[in-house]
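Chemist: Below is the file structure_1.cif, which contains mmCIF, C-alpha atoms.
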data_upload
#
loop_
_atom_site.label_atom_id
_atom_site.label_comp_id
_atom_site.auth_asym_id
_atom_site.auth_seq_id
_atom_site.Cartn_x
_atom_site.Cartn_y
_atom_site.Cartn_z
CA MET C 1 206.65 227.43 -48.27
CA THR C 2 206.47 224.53 -50.71
CA PRO C 3 208.22 221.21 -49.97
CA SER C 4 210.72 221.89 -52.78
CA SER C 5 211.75 225.25 -51.29
CA ALA C 6 212.08 223.97 -47.71
CA PRO C 7 215.57 223.19 -46.39
CA PRO C 8 216.16 219.47 -47.04
CA ARG C 9 217.42 218.68 -43.56
CA PHE C 10 214.45 220.33 -41.89
CA ALA C 11 212.02 218.56 -44.23
CA GLU C 12 213.58 215.20 -43.43
CA ALA C 13 213.76 215.80 -39.69
CA ARG C 14 210.19 217.11 -39.23
CA PRO C 15 207.83 216.01 -42.02
CA PRO C 16 204.71 218.19 -41.70
CA GLN C 17 202.37 215.26 -42.22
CA ARG C 18 204.00 213.38 -39.31
CA ARG C 19 203.49 216.14 -36.76
CA THR C 20 201.01 215.14 -34.08
CA VAL C 21 197.70 216.93 -34.22
CA LEU C 22 198.04 217.74 -30.52
CA LEU C 23 200.75 220.28 -31.41
CA ASP C 24 198.54 222.04 -33.95
CA LEU C 25 197.33 225.35 -32.48
CA ALA C 26 194.23 225.51 -34.70
CA PHE C 27 193.13 222.06 -33.57
CA LEU C 28 193.95 222.78 -29.92
CA ARG C 29 191.67 225.81 -30.07
CA LEU C 30 188.91 223.68 -31.59
CA TRP C 31 189.50 220.94 -29.01
CA THR C 32 189.37 223.46 -26.16
CA GLY C 33 186.06 224.80 -27.40
CA ALA C 34 184.60 221.32 -27.78
CA THR C 35 185.79 220.39 -24.29
CA ALA C 36 184.19 223.50 -22.80
CA SER C 37 180.90 222.75 -24.56
CA GLY C 38 181.06 219.16 -23.32
CA LEU C 39 181.60 220.26 -19.72
CA ALA C 40 178.67 222.67 -20.00
CA THR C 41 176.45 220.01 -21.57
CA TRP C 42 177.11 217.37 -18.92
CA ALA C 43 177.07 219.79 -15.98
CA LEU C 44 173.65 221.31 -16.71
CA PRO C 45 171.41 218.31 -15.82
CA PHE C 46 173.53 217.64 -12.73
CA VAL C 47 173.26 221.24 -11.53
CA LEU C 48 169.50 221.16 -12.11
CA GLY C 49 169.46 217.94 -10.10
CA LEU C 50 171.13 219.81 -7.25
CA ALA C 51 168.29 222.32 -7.44
CA VAL C 52 165.85 219.43 -6.93
CA PHE C 53 167.94 218.26 -3.98
CA ASP C 54 167.74 221.65 -2.26
CA ARG C 55 164.02 221.90 -3.12
CA THR C 56 164.26 225.00 -5.31
CA LEU C 57 163.06 222.88 -8.25
CA GLY C 58 160.53 220.05 -8.35
CA ALA C 59 161.19 216.66 -9.92
CA THR C 60 158.38 217.18 -12.43
CA ASP C 61 159.82 220.55 -13.36
CA LEU C 62 163.24 218.95 -13.86
CA GLY C 63 161.70 216.51 -16.34
CA LEU C 64 160.10 219.43 -18.17
CA LEU C 65 163.40 221.31 -18.40
CA LEU C 66 165.30 218.28 -19.70
CA ALA C 67 162.55 217.63 -22.25
CA ALA C 68 162.76 221.28 -23.36
CA ARG C 69 166.52 220.97 -23.78
CA THR C 70 166.11 217.81 -25.87
CA ALA C 71 163.46 219.50 -28.02
CA GLY C 72 165.79 222.45 -28.61
CA PHE C 73 168.62 220.09 -29.54
CA LEU C 74 166.53 218.18 -32.08
CA ALA C 75 165.08 221.34 -33.62
CA ALA C 76 168.48 222.97 -34.04
CA VAL C 77 170.46 220.06 -35.48
CA PRO C 78 169.02 220.05 -39.03
CA VAL C 79 168.91 223.85 -39.22
CA ALA C 80 172.52 224.10 -38.08
CA GLY C 81 173.56 221.50 -40.64
CA VAL C 82 172.18 223.66 -43.44
CA LEU C 83 173.64 226.87 -42.03
CA ALA C 84 177.08 225.31 -41.50
CA ASP C 85 177.18 224.23 -45.15
CA ARG C 86 175.76 227.52 -46.41
CA HIS C 87 177.89 229.87 -44.32
CA SER C 88 181.03 229.82 -42.17
CA ARG C 89 181.12 226.83 -39.83
CA ARG C 90 183.06 228.97 -37.39
CA SER C 91 180.20 231.48 -37.34
CA VAL C 92 177.69 228.73 -36.54
CA VAL C 93 179.83 227.62 -33.59
CA LEU C 94 180.14 231.23 -32.44
CA TRP C 95 176.44 232.07 -32.50
CA ALA C 96 175.37 228.69 -31.12
CA GLY C 97 177.80 229.04 -28.22
CA LEU C 98 176.73 232.62 -27.54
CA ALA C 99 173.07 231.58 -27.49
CA ALA C 100 173.79 228.81 -24.99
CA SER C 101 175.93 231.16 -22.88
CA VAL C 102 173.00 233.58 -22.57
CA ALA C 103 170.54 230.75 -21.87
CA ALA C 104 172.34 229.61 -18.71
CA PRO C 105 171.85 232.91 -16.81
CA VAL C 106 168.23 232.94 -18.02
CA ILE C 107 167.74 229.55 -16.36
CA ALA C 108 169.39 230.93 -13.21
CA THR C 109 167.07 233.93 -13.24
CA GLY C 110 163.99 231.73 -13.52
CA LEU C 111 165.09 229.35 -10.76
CA GLY C 112 162.52 229.50 -7.98
CA ARG C 113 160.52 232.13 -9.86
CA SER C 114 159.33 230.91 -13.28
CA VAL C 115 159.53 227.39 -14.64
CA LEU C 116 158.35 228.71 -18.01
CA LEU C 117 161.34 231.07 -18.19
CA MET C 118 163.66 228.22 -17.22
CA ALA C 119 162.14 225.97 -19.89
CA ALA C 120 162.73 228.66 -22.53
CA GLY C 121 166.35 228.95 -21.40
CA ALA C 122 166.77 225.16 -21.44
CA ALA C 123 165.38 224.99 -24.98
CA VAL C 124 167.86 227.64 -26.15
CA ALA C 125 170.70 225.83 -24.37
CA GLY C 126 169.72 222.60 -26.12
CA ALA C 127 169.55 224.43 -29.44
CA GLY C 128 173.07 225.77 -28.90
CA GLN C 129 174.31 222.29 -28.12
CA GLY C 130 172.56 220.83 -31.16
CA ALA C 131 173.83 223.55 -33.48
CA CYS C 132 177.42 223.00 -32.37
CA ARG C 133 177.52 219.28 -33.08
CA PRO C 134 177.40 219.19 -36.92
CA ALA C 135 179.40 222.43 -37.13
CA TYR C 136 182.19 220.98 -34.98
CA GLN C 137 182.26 217.84 -37.12
CA ALA C 138 182.62 219.82 -40.33
CA LEU C 139 185.06 222.31 -38.79
CA THR C 140 187.34 219.44 -37.75
CA ALA C 141 187.61 218.43 -41.40
CA GLU C 142 188.58 222.00 -42.30
CA VAL C 143 191.15 222.47 -39.54
CA VAL C 144 192.86 219.05 -39.70
CA ASP C 145 194.38 217.44 -42.78
CA ALA C 146 193.09 214.01 -43.85
CA ASP C 147 196.08 212.02 -42.56
CA ARG C 148 195.55 213.20 -38.99
CA ARG C 149 191.76 213.25 -38.72
CA GLN C 150 191.47 209.89 -37.00
CA GLN C 151 193.85 211.09 -34.31
CA ALA C 152 191.93 214.37 -34.09
CA ASN C 153 188.57 212.62 -33.77
CA ALA C 154 190.02 210.35 -31.08
CA ALA C 155 191.19 213.43 -29.17
CA MET C 156 187.73 215.00 -29.53
CA THR C 157 185.96 211.90 -28.24
CA LEU C 158 188.45 211.65 -25.38
CA ALA C 159 187.35 215.14 -24.39
CA VAL C 160 183.72 213.99 -24.41
CA ARG C 161 184.46 211.03 -22.17
CA VAL C 162 186.59 213.03 -19.76
CA THR C 163 183.89 215.67 -19.45
CA THR C 164 181.35 212.90 -18.77
CA LEU C 165 183.38 212.03 -15.69
CA VAL C 166 184.59 215.48 -14.70
CA GLY C 167 181.46 217.57 -15.42
CA PRO C 168 179.17 216.20 -12.68
CA SER C 169 182.06 215.69 -10.23
CA LEU C 170 183.33 219.23 -10.72
CA ALA C 171 179.82 220.60 -10.34
CA ALA C 172 179.37 218.64 -7.10
CA LEU C 173 182.67 219.96 -5.76
CA LEU C 174 181.86 223.56 -6.65
CA ALA C 175 178.39 223.16 -5.13
CA VAL C 176 180.06 222.97 -1.73
CA PHE C 177 181.20 226.58 -2.15
CA LEU C 178 178.74 228.06 -4.65
CA GLY C 179 174.99 228.18 -5.00
CA THR C 180 173.00 226.69 -7.87
CA ARG C 181 172.56 230.06 -9.58
CA ALA C 182 176.32 230.70 -9.52
CA LEU C 183 176.93 227.26 -11.05
CA LEU C 184 174.47 228.02 -13.84
CA VAL C 185 176.30 231.27 -14.56
CA GLY C 186 179.53 229.23 -14.65
CA ILE C 187 177.97 226.98 -17.27
CA GLY C 188 177.26 230.09 -19.30
CA LEU C 189 180.94 231.06 -19.07
CA LEU C 190 181.93 227.62 -20.37
CA TRP C 191 179.66 228.16 -23.36
CA LEU C 192 181.33 231.52 -23.90
CA VAL C 193 184.68 229.73 -24.14
CA ALA C 194 183.16 227.23 -26.58
CA ALA C 195 181.91 230.13 -28.71
CA CYS C 196 185.01 232.31 -28.79
CA VAL C 197 188.09 230.08 -28.57
CA PRO C 198 187.91 227.97 -31.79
CA GLY C 199 189.56 229.56 -34.83
CA ARG C 200 188.44 229.73 -38.41
CA GLY C 201 188.69 226.87 -40.86
CA ALA C 202 188.75 227.00 -44.63
CA GLY C 203 187.73 223.83 -46.39
CA PRO C 204 187.53 223.10 -50.11
CA GLY C 205 185.38 225.64 -51.86
CA ALA C 206 185.36 228.00 -48.90
CA GLY C 207 186.15 231.66 -49.06
CA ARG C 208 188.94 233.28 -47.10
CA ASP C 209 186.55 233.79 -44.21
CA GLY C 210 185.37 230.18 -44.34
CA SER C 211 182.03 231.01 -45.99
CA ARG C 212 180.47 229.14 -48.90
CA PRO C 213 178.02 230.21 -51.55
CA ALA C 214 174.50 229.09 -50.77
CA ALA C 215 173.37 225.98 -52.60
CA GLY C 216 170.65 226.34 -55.14
CA GLY C 217 171.86 229.35 -57.09
CA PRO C 218 172.11 233.07 -56.44
CA GLY C 219 168.82 233.25 -54.61
CA GLY C 220 169.61 230.25 -52.49
CA ALA C 221 167.25 227.41 -51.72
CA SER C 222 164.89 226.75 -48.84
CA PHE C 223 166.15 225.08 -45.70
CA LEU C 224 164.06 222.02 -46.49
CA ALA C 225 165.47 221.75 -50.01
CA GLU C 226 169.04 222.10 -48.80
CA PHE C 227 168.55 219.55 -46.03
CA ALA C 228 167.02 217.19 -48.60
CA ASP C 229 170.16 217.72 -50.67
CA GLY C 230 172.16 216.52 -47.68
CA VAL C 231 169.92 213.45 -47.42
CA ARG C 232 170.57 212.70 -51.09
CA GLU C 233 174.30 212.97 -50.43
CA ALA C 234 173.94 210.48 -47.57
CA ARG C 235 172.10 208.09 -49.89
CA ARG C 236 175.11 208.08 -52.22
CA HIS C 237 176.99 206.19 -49.52
CA PRO C 238 175.33 202.80 -48.79
CA TRP C 239 177.79 202.09 -45.96
CA PHE C 240 176.72 205.32 -44.25
CA LEU C 241 173.00 204.55 -44.38
CA ALA C 242 173.60 201.00 -43.14
CA GLY C 243 175.92 202.15 -40.37
CA LEU C 244 173.53 204.89 -39.30
CA GLY C 245 170.68 202.39 -39.14
CA ALA C 246 172.79 200.09 -36.97
CA LEU C 247 173.89 202.94 -34.72
CA THR C 248 170.31 204.14 -34.26
CA ALA C 249 169.13 200.63 -33.41
CA VAL C 250 171.92 200.10 -30.87
CA ILE C 251 171.35 203.45 -29.15
CA ALA C 252 167.57 202.99 -29.05
CA THR C 253 167.91 199.54 -27.43
CA GLY C 254 171.30 199.18 -25.73
CA TYR C 255 171.36 202.77 -24.48
CA SER C 256 167.84 202.35 -23.17
CA ALA C 257 168.88 199.21 -21.31
CA THR C 258 171.66 201.23 -19.72
CA GLY C 259 169.40 204.13 -18.80
CA VAL C 260 166.39 202.21 -17.47
CA ALA C 261 167.05 198.51 -16.89
CA LEU C 262 170.48 198.82 -15.25
CA PRO C 263 169.18 200.83 -12.26
CA LEU C 264 166.30 198.35 -11.85
CA VAL C 265 168.56 195.30 -11.97
CA SER C 266 171.08 196.95 -9.66
CA ARG C 267 168.33 197.58 -7.12
CA ASP C 268 166.26 194.40 -7.43
CA GLU C 269 168.87 191.74 -8.21
CA TYR C 270 171.93 193.03 -6.37
CA GLY C 271 170.33 195.23 -3.72
CA THR C 272 172.92 197.97 -4.05
CA GLU C 273 173.67 201.01 -6.18
CA VAL C 274 177.30 199.93 -6.39
CA VAL C 275 176.58 197.86 -9.51
CA LEU C 276 174.97 200.85 -11.22
CA ALA C 277 177.84 203.20 -10.36
CA GLY C 278 180.50 200.59 -11.15
CA ALA C 279 179.00 199.70 -14.53
CA MET C 280 178.72 203.33 -15.63
CA THR C 281 182.26 204.07 -14.48
CA ALA C 282 183.56 200.97 -16.27
CA TYR C 283 181.76 202.04 -19.45
CA THR C 284 183.38 205.47 -19.41
CA ALA C 285 186.80 204.00 -18.56
CA GLY C 286 186.42 201.54 -21.43
CA ALA C 287 185.48 204.36 -23.79
CA LEU C 288 188.59 206.28 -22.77
CA GLY C 289 190.70 203.20 -23.46
CA GLY C 290 188.98 202.64 -26.80
CA ALA C 291 189.64 206.22 -27.88
CA LEU C 292 193.33 205.90 -26.98
CA LEU C 293 193.55 202.62 -28.89
CA ILE C 294 191.87 203.83 -32.08
CA ALA C 295 193.99 206.99 -32.14
CA ARG C 296 196.87 204.76 -33.30
CA TRP C 297 195.31 201.53 -34.58
CA ARG C 298 194.61 201.26 -38.31
CA PRO C 299 192.77 197.97 -38.97
CA ARG C 300 192.87 196.49 -42.47
CA SER C 301 189.07 196.54 -42.66
CA PRO C 302 188.23 199.68 -40.67
CA GLY C 303 184.50 199.59 -41.40
CA ARG C 304 183.92 196.04 -40.27
CA ALA C 305 186.20 196.50 -37.26
CA ALA C 306 184.15 199.58 -36.31
CA LEU C 307 180.85 197.72 -36.71
CA ALA C 308 182.22 194.86 -34.59
CA GLY C 309 182.99 197.45 -31.93
CA LEU C 310 179.44 198.79 -32.17
CA ALA C 311 178.07 195.25 -31.78
CA ALA C 312 180.06 194.89 -28.55
CA TYR C 313 177.44 197.13 -26.92
CA GLY C 314 175.26 194.03 -26.89
CA PHE C 315 177.31 192.62 -24.01
CA ALA C 316 175.93 195.36 -21.75
CA PRO C 317 172.25 194.28 -21.79
CA LEU C 318 173.29 190.62 -22.07
CA SER C 319 175.19 190.85 -18.78
CA LEU C 320 171.96 191.87 -17.05
CA VAL C 321 170.03 188.81 -18.25
CA PHE C 322 171.82 186.22 -16.12
CA PRO C 323 172.61 186.17 -12.37
CA VAL C 324 176.33 186.85 -12.65
CA HIS C 325 178.89 188.40 -10.34
CA PRO C 326 178.84 192.22 -10.35
CA ALA C 327 182.38 192.19 -11.75
CA VAL C 328 181.05 190.48 -14.88
CA VAL C 329 178.50 193.26 -15.39
CA MET C 330 181.20 195.89 -15.00
CA ALA C 331 183.51 194.05 -17.41
CA ALA C 332 180.69 193.83 -19.97
CA TYR C 333 180.13 197.57 -19.73
CA ALA C 334 183.85 198.21 -20.09
CA VAL C 335 183.85 196.15 -23.30
CA ALA C 336 180.83 198.11 -24.53
CA GLY C 337 182.68 201.36 -23.83
CA ILE C 338 185.76 200.22 -25.73
CA GLY C 339 183.61 199.11 -28.64
CA ILE C 340 181.60 202.30 -28.96
CA GLU C 341 184.76 204.36 -29.47
CA LEU C 342 186.21 201.79 -31.88
CA PHE C 343 183.09 202.65 -33.89
CA ASN C 344 182.76 206.39 -33.28
CA VAL C 345 186.22 207.53 -34.34
CA PRO C 346 186.44 205.65 -37.69
CA TRP C 347 182.79 206.58 -38.35
CA PHE C 348 183.41 210.31 -37.98
CA THR C 349 186.69 210.08 -39.88
CA ALA C 350 185.09 208.22 -42.79
CA ALA C 351 182.27 210.77 -43.06
CA GLN C 352 184.81 213.60 -43.16
CA ARG C 353 186.71 211.77 -45.90
CA GLU C 354 183.90 210.42 -48.08
CA VAL C 355 181.11 212.98 -47.89
CA ALA C 356 181.23 215.98 -50.21
CA PRO C 357 182.84 218.82 -48.17
CA ASP C 358 180.04 221.28 -48.91
CA LYS C 359 177.44 218.80 -47.58
CA LEU C 360 179.32 217.40 -44.61
CA ALA C 361 177.50 219.41 -41.94
CA ARG C 362 174.09 218.38 -43.28
CA VAL C 363 175.03 214.71 -43.40
CA SER C 364 176.46 214.98 -39.87
CA SER C 365 173.24 216.62 -38.70
CA LEU C 366 171.27 213.69 -40.16
CA ASP C 367 173.54 211.38 -38.17
CA PHE C 368 172.91 213.18 -34.86
CA LEU C 369 169.22 213.72 -35.60
CA LEU C 370 168.48 210.02 -36.07
CA SER C 371 170.88 208.42 -33.61
CA TYR C 372 170.24 210.84 -30.73
CA GLY C 373 166.72 211.76 -31.77
CA LEU C 374 165.35 208.24 -31.46
CA ALA C 375 167.10 207.55 -28.15
CA PRO C 376 164.24 209.13 -26.11
CA VAL C 377 161.81 206.83 -27.92
CA GLY C 378 163.69 203.80 -26.66
CA LEU C 379 163.84 205.25 -23.16
CA ALA C 380 160.09 205.89 -23.21
CA PHE C 381 159.18 202.36 -24.28
CA ILE C 382 161.60 200.14 -22.40
CA ALA C 383 160.10 200.62 -18.92
CA PRO C 384 156.54 199.70 -20.06
CA ALA C 385 158.02 196.81 -22.04
CA VAL C 386 159.77 195.53 -18.91
CA ASP C 387 156.46 195.70 -17.03
CA ALA C 388 154.63 193.86 -19.82
CA PHE C 389 157.16 191.18 -20.84
CA GLY C 390 159.67 191.05 -18.02
CA ALA C 391 163.24 192.30 -17.79
CA THR C 392 164.77 189.08 -19.10
CA ALA C 393 162.83 189.09 -22.36
CA VAL C 394 163.39 192.81 -22.99
CA LEU C 395 167.10 192.71 -22.22
CA THR C 396 167.57 189.64 -24.39
CA GLY C 397 165.80 191.42 -27.24
CA CYS C 398 168.01 194.48 -26.77
CA ALA C 399 171.14 192.32 -26.87
CA VAL C 400 169.99 190.56 -30.04
CA VAL C 401 169.35 193.90 -31.77
CA CYS C 402 172.76 195.20 -30.70
CA PHE C 403 174.50 192.17 -32.17
CA ALA C 404 172.35 191.76 -35.29
CA ALA C 405 172.07 195.36 -36.53
CA PRO C 406 175.84 195.95 -37.00
CA ALA C 407 176.22 192.46 -38.49
CA ALA C 408 173.58 193.32 -41.10
CA ALA C 409 175.21 196.70 -41.76
CA ALA C 410 178.54 194.96 -42.43
CA LEU C 411 176.96 193.40 -45.55
CA ALA C 412 176.28 196.78 -47.19
CA PRO C 413 178.40 197.88 -50.17
CA GLY C 414 181.48 199.70 -48.95
CA ALA C 415 181.00 198.64 -45.32
CA ARG C 416 184.37 196.89 -45.14
CA THR C 417 186.29 200.14 -45.58
CA PHE C 418 183.57 202.75 -44.90
CA SER C 419 183.94 204.05 -48.44
CA ARG C 420 181.96 203.97 -51.67
CA PRO C 421 182.74 200.84 -53.72
CA ARG C 422 184.24 201.63 -57.09
CA ALA C 423 182.83 200.38 -60.37
CA GLY C 424 183.71 196.75 -60.83
CA ASP C 425 184.37 196.13 -57.13
CA GLY C 426 182.48 193.32 -55.51
CA VAL C 427 180.83 193.64 -52.12
CA ARG C 428 183.56 192.71 -49.66
#
Could you write out this structure as structure tokens?
Modeler:
Amino acid sequence: MTPSSAPPRFAEARPPQRRTVLLDLAFLRLWTGATASGLATWALPFVLGLAVFDRTLGATDLGLLLAARTAGFLAAVPVAGVLADRHSRRSVVLWAGLAASVAAPVIATGLGRSVLLMAAGAAVAGAGQGACRPAYQALTAEVVDADRRQQANAAMTLAVRVTTLVGPSLAALLAVFLGTRALLVGIGLLWLVAACVPGRGAGPGAGRDGSRPAAGGPGGASFLAEFADGVREARRHPWFLAGLGALTAVIATGYSATGVALPLVSRDEYGTEVVLAGAMTAYTAGALGGALLIARWRPRSPGRAALAGLAAYGFAPLSLVFPVHPAVVMAAYAVAGIGIELFNVPWFTAAQREVAPDKLARVSSLDFLLSYGLAPVGLAFIAPAVDAFGATAVLTGCAVVCFAAPAAAALAPGARTFSRPRAGDGVR
């Protein structure tokens, strides 16, 4: 029904564009699937950790399985980006979720019998996770109209943060009643929900089933050529390249400080694991608060406000440099959590608005590939760097990078609004 044919009183009382995205059934289905995939993602390493605890899995084997999952994630992200732009994004979510749902019982079957079989299952699970990420990003843009995408992205990131808290805790609770193999099968069921619950989207240029013609003509183009086309699309947006560079730098340094240096400082400087647990809890609580805030807040310069939020991550490693009260460390991590969501939500929303719809999944895959892909590099180097130069020097360097990289990105054309500057516009 067009606006002109709708009853005037109804149109005035309930404007469609004002309706909250949380009452949209299509988005709720998408959100439910994303939440299920998040629970499965965060529960898997914890459940495998329980297997180490009960001695059915060795610590070295756990490292191998987590490395296999990461390798599967990184291998699948660029391929999924191409497939999600070439075909139905809903189909990519379906097959990725189904693959991960099968992988979990495979891991359970190999537990205590074959580490190689478990590693294969972990790689497939990681591939399913990696394939879902760009497809979910692009599917959100199809399911939700532009005016409500920031609210939708905030709801999606809230789901991520809640699952970060609930996933391990729920797994620990269920472990009291169920064995490790049963928990792994449960993870497979969560992936089945992630695969089957989301509905179809139909973005610009999509067919009635959500599919798109393959780029490069009737015969299609190679995966490499199509991914390169996505890279060229990313290069059309200077603010995106600058922001992605800043995000990658912050994750590779600040995230590494969180993953490696925080446990060391908590043990050596404070003599208790309370600081470690408190800081991580404060970070997640801050992220939840940041997501709630940005769901409603519309700053005048959204790009620079987002980059300022990203820079706030620098307070996390900085708080570990000086001998401060544990409450200060926890407060710094809470600020970092708030800031990361003040960046994430406008960042995803801007990409969905500015990037060509038929290239959105590929550009999103480039985002995840670089930002998450380089995180293990930072984790691998920070511990040796601490041994060589000392924790103070390394943490100070991490803090400087976290503050400086977003500040430099804010100078890029279009960074103020996270949009391409128009002809004749100055750099603002």
Chemist: If the PyMOL selection byres ((chain C and resi 296) around 12) were run on this exact file, what residues would it hold? Put them as a PyMOL selection string.
Modeler: chain C and resi 20+147-155+289-295+297-299+342+345-346
Chemist: Just the number, please: distance in Å from CA of Ser222 in chain C to CA of Phe73 in chain C, one decimal.
Modeler: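 Interatomic distance here is 20.8 Å.
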Chemist: Under the rule that all atoms listed in the file are counted, which of C:Ala279, C:Ala287, C:Val265, C:Ala393 is the nearest residue to Thr157 in chain C?
Modeler: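 Nearest candidate to Thr157 in chain C out of C:Ala279, C:Ala287, C:Val265, C:Ala393: C:Ala287.
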Chemist: Hey, which of C:Gly243, C:Pro326, C:Gly130, C:Gly49 ends up closest to Ser419 in chain C? Count all atoms listed in the file.
Modeler: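 Answer, going by the shortest atom-to-atom distance: C:Gly243.
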Chemist: Of the candidates C:Leu44, C:Thr140, C:Asn344, C:Arg29, which shows the shortest atom-to-atom distance to Ala103 in chain C, using all atoms listed in the file?
Modeler: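 Distance minimum relative to Ala103 in chain C lands on C:Leu44.
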Chemist: I need the residue set behind the PyMOL selection byres ((chain C and resi 242) around 10) for this file; please write it as an mmCIF file with C-alpha atoms, keeping the file's coordinate frame.
Modeler:
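What follows is the written file result.cif:
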data_model
loop_
_atom_site.group_PDB
_atom_site.id
_atom_site.type_symbol
_atom_site.label_atom_id
_atom_site.label_comp_id
_atom_site.auth_asym_id
_atom_site.auth_seq_id
_atom_site.Cartn_x
_atom_site.Cartn_y
_atom_site.Cartn_z
ATOM 1 C CA ARG C 235 172.100 208.090 -49.890
ATOM 2 C CA HIS C 237 176.990 206.190 -49.520
ATOM 3 C CA PRO C 238 175.330 202.800 -48.790
ATOM 4 C CA TRP C 239 177.790 202.090 -45.960
ATOM 5 C CA PHE C 240 176.720 205.320 -44.250
ATOM 6 C CA LEU C 241 173.000 204.550 -44.380
ATOM 7 C CA GLY C 243 175.920 202.150 -40.370
ATOM 8 C CA LEU C 244 173.530 204.890 -39.300
ATOM 9 C CA GLY C 245 170.680 202.390 -39.140
ATOM 10 C CA ALA C 246 172.790 200.090 -36.970
ATOM 11 C CA LEU C 247 173.890 202.940 -34.720
ATOM 12 C CA THR C 248 170.310 204.140 -34.260
ATOM 13 C CA ALA C 405 172.070 195.360 -36.530
ATOM 14 C CA PRO C 406 175.840 195.950 -37.000
ATOM 15 C CA ALA C 408 173.580 193.320 -41.100
ATOM 16 C CA ALA C 409 175.210 196.700 -41.760
ATOM 17 C CA ALA C 410 178.540 194.960 -42.430
ATOM 18 C CA LEU C 411 176.960 193.400 -45.550
ATOM 19 C CA ALA C 412 176.280 196.780 -47.190
ATOM 20 C CA PRO C 413 178.400 197.880 -50.170
ATOM 21 C CA GLY C 414 181.480 199.700 -48.950
ATOM 22 C CA ALA C 415 181.000 198.640 -45.320
#
Chemist: What lies within 10 Å of Ala67 in chain C using all atoms listed in the file, ignoring chain neighbours under 2 positions off, as a ChimeraX atom specification?
Modeler: /C:61-65,69-73,119,122-123,126,376
Chemist: For a test of reading the model, state the distance in Å between CA of Glu273 in chain C and CA of Ala43 in chain C, rounded to one decimal.
Modeler: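 If I compute the distance from CA of Glu273 in chain C to CA of Ala43 in chain C, I get 21.5 Å.
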Chemist: May I ask which of the residues C:Leu139, C:Ala404, C:Leu288, C:Leu66 is the closest one to His87 in chain C, counting all atoms listed in the file?
Modeler: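 Of all the options, C:Leu139 lies closest to His87 in chain C.
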Chemist: What does the structure give for the distance between CA of Val401 in chain C and CA of Ala257 in chain C, in Å to one decimal?
Modeler: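 Taking CA of Val401 in chain C as the start and CA of Ala257 in chain C as the end point, the length is 11.7 Å.
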Chemist: Starting from 3 Å padding per side, set up an axis-aligned box that covers all listed atoms of range 187-201 of chain C and hand over centre and edge lengths in Å, one decimal, as lines of an AutoDock Vina configuration file.
Modeler:
center_x = 183.4
center_y = 229.6
center_z = -29.1
size_x = 18.3
size_y = 11.4
size_z = 29.6
Chemist: If the PyMOL selection byres ((chain C and resi 284) around 12) were run on this exact file, what residues would it hold? Put them as a JSON list (two decimals) with C-alpha atoms, in the frame of the given file.
Modeler:
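Final output, selection10.json:
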[["chain", "number", "residue", "atom", "x", "y", "z"],
["C", 157, "THR", "CA", 185.96, 211.90, -28.24],
["C", 158, "LEU", "CA", 188.45, 211.65, -25.38],
["C", 159, "ALA", "CA", 187.35, 215.14, -24.39],
["C", 160, "VAL", "CA", 183.72, 213.99, -24.41],
["C", 161, "ARG", "CA", 184.46, 211.03, -22.17],
["C", 162, "VAL", "CA", 186.59, 213.03, -19.76],
["C", 163, "THR", "CA", 183.89, 215.67, -19.45],
["C", 164, "THR", "CA", 181.35, 212.90, -18.77],
["C", 165, "LEU", "CA", 183.38, 212.03, -15.69],
["C", 166, "VAL", "CA", 184.59, 215.48, -14.70],
["C", 277, "ALA", "CA", 177.84, 203.20, -10.36],
["C", 278, "GLY", "CA", 180.50, 200.59, -11.15],
["C", 279, "ALA", "CA", 179.00, 199.70, -14.53],
["C", 280, "MET", "CA", 178.72, 203.33, -15.63],
["C", 281, "THR", "CA", 182.26, 204.07, -14.48],
["C", 282, "ALA", "CA", 183.56, 200.97, -16.27],
["C", 283, "TYR", "CA", 181.76, 202.04, -19.45],
["C", 285, "ALA", "CA", 186.80, 204.00, -18.56],
["C", 286, "GLY", "CA", 186.42, 201.54, -21.43],
["C", 287, "ALA", "CA", 185.48, 204.36, -23.79],
["C", 288, "LEU", "CA", 188.59, 206.28, -22.77],
["C", 289, "GLY", "CA", 190.70, 203.20, -23.46],
["C", 290, "GLY", "CA", 188.98, 202.64, -26.80],
["C", 291, "ALA", "CA", 189.64, 206.22, -27.88],
["C", 330, "MET", "CA", 181.20, 195.89, -15.00],
["C", 331, "ALA", "CA", 183.51, 194.05, -17.41],
["C", 332, "ALA", "CA", 180.69, 193.83, -19.97],
["C", 333, "TYR", "CA", 180.13, 197.57, -19.73],
["C", 334, "ALA", "CA", 183.85, 198.21, -20.09],
["C", 335, "VAL", "CA", 183.85, 196.15, -23.30],
["C", 336, "ALA", "CA", 180.83, 198.11, -24.53],
["C", 337, "GLY", "CA", 182.68, 201.36, -23.83],
["C", 338, "ILE", "CA", 185.76, 200.22, -25.73],
["C", 339, "GLY", "CA", 183.61, 199.11, -28.64],
["C", 340, "ILE", "CA", 181.60, 202.30, -28.96],
["C", 341, "GLU", "CA", 184.76, 204.36, -29.47]]
